[in-house]
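Structure first, then comments.
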Amino acid sequence: MKLKYFAFAFYILCFWGCKKEEPPIDLESTNFSETPTSHVVQPADDLGEASGLADSHKQPGLLWSHEDAGSNSELFLLNRQGMIVGKIPTPFGNYDWEDIAIGPGPISNETFLYVADIGDNCSCTDIKRIYRFPEPASPTAIINNYEPIAFRYPDGTYDAETVLLDPLTKDLYVITKWLGNANVYRLAYPQSTTSVITAEKVATMTVGNDLTGGSISTNGREIIVRGYTAIYYWKRNADEKISDVLAKAPLKNLPYILEPQGEAVCFDKEGKGYFTLSERRTLPSVNLYFYARK
């Protein structure tokens, strides 16, 4: 009997000792999987016009999302299997929310969400707003304090669907949608929440036409901006400004499975890859995709 126990214990030790460990992810790699994981978003009817994505810092494993013009003023929480696990109403309205960013803000050691009400299909609305507030810590939290960052462009009115937060400087960047070569505008930190800011035009990009979302990695070293048909990628040196990086041609186009109306994208907060999500249009459902870093 003792011999049997010894043999069993030896087998267990050998199994765990010999078990192959997953190789560590090279976070400096610029290569990502061309075959993403894919999960159907459910319930499909709840999030039909997804326009933004951000990987939660306070609720590990969950993603923030929202819908755009004409939709309810609420934020969604999705798990990595595409299930909607929470909805949080906001005390501010949804004229045309088009993107969301996450990262630092005016309080040290606090994570903020930035909901960008910057869509303007007729390019006729003078003042745009980005709503900033501490990231809720649970799917049932109540948002009861927020700050509106109101701004106008210095040279006209534009439709925009991309907001970027630089985690190194806390500056915000807005990128126009329809121009053949997109404009980049900066709202420098600290952003006023009591008066209308005039955004600073800081770059003209080499890409454009249909830019619908973007994200900066948690460490500030990588930038992605997407359109309906492509995802563009830039690598940033530690001493480079975001505007200087975006003025250059993208380093590469990232893998992308064409979506019905792809508008949302974000980096995984640990730098392991990036997520994409689309509006449903006439389809019964859409998928949450994750492209892992290789």
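Going through the structure tokens in order, the chains are called A, B, and so on, while each chain numbers its residues from 1 and the ligands are numbered from 1 in the order shown.
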
Shell around region 105-121 of chain A at 9 Å using only C-alpha atoms, local window under 3 positions removed, as a ChimeraX atom specification: /A:52,54,57-58,66,68-69,93-102,124-125,127-136,157-163,165,167,170,174,189-190

Env of Ala44 (chain A): 12 Å cut, atoms = only C-alpha atoms, seq-sep filter 2 positions within chain, self excluded. Answer as an mmCIF file with C-alpha atoms, in the first residue's frame.
```cif
data_model
loop_
_atom_site.group_PDB
_atom_site.id
_atom_site.type_symbol
_atom_site.label_atom_id
_atom_site.label_comp_id
_atom_site.auth_asym_id
_atom_site.auth_seq_id
_atom_site.Cartn_x
_atom_site.Cartn_y
_atom_site.Cartn_z
ATOM 1 C CA HIS A 39 -16.569 35.568 -28.660
ATOM 2 C CA VAL A 40 -20.147 36.548 -29.532
ATOM 3 C CA VAL A 41 -21.305 39.620 -27.615
ATOM 4 C CA GLN A 42 -24.349 38.704 -25.526
ATOM 5 C CA ASP A 46 -27.991 45.377 -25.590
ATOM 6 C CA LEU A 47 -24.889 46.664 -27.361
ATOM 7 C CA GLY A 48 -25.818 47.115 -31.004
ATOM 8 C CA GLU A 49 -23.832 50.287 -31.703
ATOM 9 C CA ALA A 50 -20.554 49.777 -29.866
ATOM 10 C CA LEU A 78 -18.117 43.095 -20.852
ATOM 11 C CA GLY A 82 -18.213 38.847 -24.680
ATOM 12 C CA MET A 83 -20.874 38.647 -21.960
ATOM 13 C CA ILE A 84 -22.342 41.955 -20.763
ATOM 14 C CA SER A 278 -18.037 46.525 -34.134
ATOM 15 C CA GLU A 279 -21.499 47.939 -34.473
ATOM 16 C CA ARG A 280 -24.015 45.246 -35.474
ATOM 17 C CA ARG A 281 -25.646 47.041 -38.392
ATOM 18 C CA THR A 282 -28.119 44.454 -39.789
ATOM 19 C CA LEU A 283 -26.425 41.366 -38.337
ATOM 20 C CA PRO A 284 -27.927 39.390 -35.452
ATOM 21 C CA SER A 285 -24.704 39.685 -33.407
ATOM 22 C CA VAL A 286 -21.068 40.764 -33.453
ATOM 23 C CA ASN A 287 -17.889 39.330 -31.949
ATOM 24 C CA LEU A 288 -15.396 40.635 -29.446
#
```

Using only C-alpha atoms: which of A:Ser73, A:Thr276, A:Ser192, A:Ser29 has the shortest distance to Asp171 (chain A):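 Closest to Asp171 (chain A), using only C-alpha atoms: A:Ser192.
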
Region 22-133 of chain A: residues DSSP assigns to strand (DSSP E), reported as a PyMOL selection string: chain A and resi 37-40+50-55+62-67+74-79+84-89+99-103+112-117+128-133

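CA of Val202 (chain A) lies 8.8 Å from CA of Ala247 (chain A).
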
Between CA of Thr140 (chain A) and CA of Asp268 (chain A), distance in Å (one decimal): 22.7 Å

All residues 9 Å or closer to Tyr173 (chain A), only C-alpha atoms, same chain fewer than 2 positions away omitted, as a list in words: Thr162, Val163, Leu164, Leu165, Asp166, Asp171, Ile175, Val184, Tyr185, Arg186, Leu187, Ala188, Ile242 and Ser243 of chain A

Could the residues in this selection be written to a file with C-alpha atoms, as a PDB file, in the first residue's frame?
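Contents of the output file selection-v3.pdb:
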```
ATOM      1  CA  THR A 162     -11.083  58.968 -31.821  1.00  0.00           C
ATOM      2  CA  VAL A 163      -9.818  60.164 -28.452  1.00  0.00           C
ATOM      3  CA  LEU A 164      -6.391  59.291 -27.062  1.00  0.00           C
ATOM      4  CA  LEU A 165      -5.074  59.819 -23.533  1.00  0.00           C
ATOM      5  CA  ASP A 166      -1.312  60.084 -23.124  1.00  0.00           C
ATOM      6  CA  ASP A 171      -2.801  65.307 -22.451  1.00  0.00           C
ATOM      7  CA  ILE A 175      -8.446  62.861 -34.270  1.00  0.00           C
ATOM      8  CA  VAL A 184      -4.792  65.792 -34.587  1.00  0.00           C
ATOM      9  CA  TYR A 185      -5.822  68.254 -31.855  1.00  0.00           C
ATOM     10  CA  ARG A 186      -4.416  68.434 -28.340  1.00  0.00           C
ATOM     11  CA  LEU A 187      -6.114  69.374 -25.067  1.00  0.00           C
ATOM     12  CA  ALA A 188      -3.106  69.915 -22.830  1.00  0.00           C
ATOM     13  CA  ILE A 242       2.351  61.960 -29.455  1.00  0.00           C
ATOM     14  CA  SER A 243       1.947  64.615 -32.150  1.00  0.00           C
TER      15      SER A 243
END
```

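Among the candidates A:Pro43, A:Gly271, A:Pro60, A:Pro148, the residue lying nearest to Thr193 (chain A) is A:Pro148 (atoms considered: only C-alpha atoms).
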